[in-house]
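Please read the structure below before turning to the comments.
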Protein chains: 2
Amino acid sequence: MEIPTESAAQRRFDQKAEQILTGATQIFLQRGYERASMDKVAKASGVSKQTLYSHFADKEALFVALVDKMSRRRLEEAFGSAPLKGEPKAVLSQLARTTLTQLSADEDYHDFVRLMIAESKRFPGLVEKFMLNVTRPSLLKLTEFLSSPDLNIEDPEATAHVLLGAVVFFMLTQEIMPGKAVIPMEADRLATALVALL
Amino acid sequence: MEIPTESAAQRRFDQKAEQILTGATQIFLQRGYERASMDKVAKASGVSKQTLYSHFADKEALFVALVDKMSRRRLEEAFGSAPLKGEPKAVLSQLARTTLTQLSADEDYHDFVRLMIAESKRFPGLVEKFMLNVTRPSLLKLTEFLSSPDLNIEDPEATAHVLLGAVVFFMLTQEIMPGKAVIPMEADRLATALVALL
DNA sequence: GTCTATACCCCGATAGAC
DNA sequence: GTCTATCGGGGTATAGAC
């Protein structure tokens with residue numbers, strides 16, 4: 001139970017933190033960590049730099065909070081999707097198409113992944129947490145599905161790496177990197193080729 | 001034909017440019033573009049900052065030259081490998097293992113790929129050239145191989161994306177990002193699972 | 001609590017001595 | 001051509017007015 005007399009002020013405080021995080025997300029995703037200045041974050045958030053520093057100790061702390069928030073958001077979206085029931089190959093085909101379509105459309109997520117890879121050397125612990133909270137659950141769910149006796153796959157876990165790898169490579173080369181013109185590929189062709197392998 | 005009286009001076013000039021590129025490579029790969037300062041490049045190269053600027057117009061020009069050099073190097077190593085002759089599945093198994101081993105060991109290349117992804121938004125033309133000179137040839141060679149009638153693959157090009165995607169995802173999660181502890185996978189298991197799919 | 005102003009540092013790029 | 005010294009600008013973070 002919260003103390004009523006504090007809750008109004010607390011609510012305003014949290015709300016301002018959210019407001020800052022929203023502005024910060026825009027700046028960090030667009031410009032990357034180094035080129036994102038605290039001045040620009042303050043301006044994009046509609047607060048002063050001092051207010052910014054009263055909510056977050058420094059730039060790194062702000063970045064940590066931002067990654068946490070983005071990871072939670074992505075996790076929710078990933079698990080709000082298909083139930084994975086029915087004839088395995090048909091389900092997999094649908095899952096591949098849905099995933100490829102969703103991932104191709106989410107520009108914020110492309111920027112976020114680019115940021116995670118870019119800063120994986122400077123913030124290894126943070127990126128590891130991202131992989132633990134986002135990548136790992138996807139792999140586990142996929143592994144579980146590929147373990148279906150109907151599919152008769154010897155090493156479902158390694159196969160899950162292959163399938164997720166194909167999807168991530170697609171997103172990486174077609175959207176995150178400017179590869180559409182150089183090595184073009186269509187989501188439907190990839191999905192069809194994926195299912196044909198199983 | 002070159003003018004003999006100039007060749008000695010020219011040779012010294014080119015050699016110094018190489019020396020600078022070597023130092024610059026070390027700094028850029030280690031720190032990324034933004035955190036790589038021209039002071040540090042000069043120090044790592046063993047030249048003064050003025051000498052640095054007499055060989056390269058500015059930081060961006062140095063970066064362009066660096067990416068060109070790294071791309072050429074990677075291309076040569078990729079094509080100096082297996083001849084891709086023999087029983088298809090056996091060759092593919094060997095190719096997968098060799099590639100995974102080589103890519104896992106080359107730390108400079110991990111840093112380079114991280115750098116290309118990180119700067120893909122700021123230097124799209126440069127990254128596109130990298131993909132054209134490195135990624136595309138690998139895909140083409142793999143597609144050609146997967147077109148073998150023995151394998152009976154309906155869409156070799158899309159399948160090549162799947163296979164290369166699996167390899168890149170492995171390098172990305174196990175080496176470029178700190179994922180070994182979170183989603184561990186062994187190269188041999190992945191190679192086996194890959195071949196089992198064909 | 002929130003704003004304006006600023007301290008302090010490091011960056012890329014250049015000038016001038018040799 | 002090469003070095004040392006420096007300029008202008010922008011970065012993070014903080015101090016002081018209100």
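A note on labels: chains of the structure tokens are A, B, ... as shown, every chain counts residues from 1, and ligands are counted from 1 in their shown order.
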Taking only C-alpha atoms (C1' of nucleotides) into account, which residues of chain C are within 12 Å of chain B, as a PyMOL selection string?
chain C and resi 10-15
Per-residue nearest contacts of chain D to chain B (10 Å; only C-alpha atoms (C1' of nucleotides)) as JSON lines:
{"residue": "D:DG1", "atom": "C1'", "partner": "B:Thr51", "partner_atom": "CA", "distance": 7.6}
{"residue": "D:DT2", "atom": "C1'", "partner": "B:Thr51", "partner_atom": "CA", "distance": 6.6}
{"residue": "D:DC3", "atom": "C1'", "partner": "B:Ser48", "partner_atom": "CA", "distance": 6.7}
{"residue": "D:DT4", "atom": "C1'", "partner": "B:Ser48", "partner_atom": "CA", "distance": 9.6}
What are the residues of chain A that have an atom within 8 Å of an atom of chain B, counting only C-alpha atoms, as a VMD selection string?
chain A and resid 34 to 35 114 to 115 117 to 118 120 to 121 124 to 125 127 to 128 131 to 132 136 154 to 155 158 to 159 161 to 170 176 to 179 182 to 183 185 189 to 190 193 to 194 197 to 198
Range 21-194 of chain B: which residues are helix (DSSP H, G or I) by DSSP, as a VMD selection string?
chain B and resid 21 to 35 38 to 45 49 to 55 59 to 79 88 to 105 107 to 118 124 to 146 156 to 176 187 to 194
Near-Ala44 in chain B list (7 Å; only C-alpha atoms (C1' of nucleotides); drop same-chain fewer than 3 positions) as a VMD selection string:
chain B and resid 23 40 to 41
Take the selection from the previous step and output its residues with C-alpha atoms, as a compact mmCIF listing (two decimals), in the first residue's frame.
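Resulting contents of result-v5.txt:
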# COMPACT_ATOMS: atom_id res chain seq x y z
CA GLY B 23 47.28 2.23 -36.75
CA LYS B 40 44.83 8.38 -30.86
CA VAL B 41 45.17 7.36 -34.50
Long-range neighbours of DA17 in chain D as an MDAnalysis selection string, 12 Å cut-off, only C-alpha atoms (C1' of nucleotides), 6 positions minimum in chain:
chainID C and resid 2:5
Selection export as a CSV table (one decimal), in the first residue's frame, atoms kept: N, CA, C and O atoms (P, O5', C5', C4', C3', O3' and C1' of nucleotides):
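Done, and the output landed in again.csv:
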chain,number,residue,atom,x,y,z
C,2,DT,P,10.4,19.3,-11.9
C,2,DT,O5',11.0,20.5,-12.7
C,2,DT,C5',10.2,21.7,-12.9
C,2,DT,C4',11.0,22.9,-13.3
C,2,DT,C3',12.0,22.7,-14.4
C,2,DT,O3',11.4,23.3,-15.6
C,2,DT,C1',13.0,24.0,-12.7
C,3,DC,P,12.2,23.3,-16.9
C,3,DC,O5',13.2,24.6,-16.8
C,3,DC,C5',12.7,25.9,-17.3
C,3,DC,C4',13.6,27.0,-17.0
C,3,DC,C3',14.8,27.1,-18.0
C,3,DC,O3',14.7,28.3,-18.7
C,3,DC,C1',15.6,27.2,-15.7
C,4,DT,P,15.8,28.5,-19.9
C,4,DT,O5',17.0,29.3,-19.3
C,4,DT,C5',16.7,30.5,-18.6
C,4,DT,C4',18.0,31.1,-18.0
C,4,DT,C3',19.1,31.2,-19.1
C,4,DT,O3',19.9,32.4,-18.9
C,4,DT,C1',19.9,29.8,-17.4
C,5,DA,P,21.1,32.9,-19.8
C,5,DA,O5',22.4,32.4,-19.0
C,5,DA,C5',22.5,32.8,-17.6
C,5,DA,C4',23.8,32.2,-17.0
C,5,DA,C3',25.0,32.3,-18.0
C,5,DA,O3',26.1,32.8,-17.3
C,5,DA,C1',24.7,30.1,-17.3
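Take CA of Val91 in chain B and CA of Asp106 in chain B: the distance between them is 22.5 Å.
Coordinates place CA of Thr25 in chain B at a distance of 6.5 Å from CA of Leu66 in chain B.
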What separation in Å, quoted to one decimal, exists between CA of Gln19 in chain B and CA of Glu107 in chain B?
20.4 Å
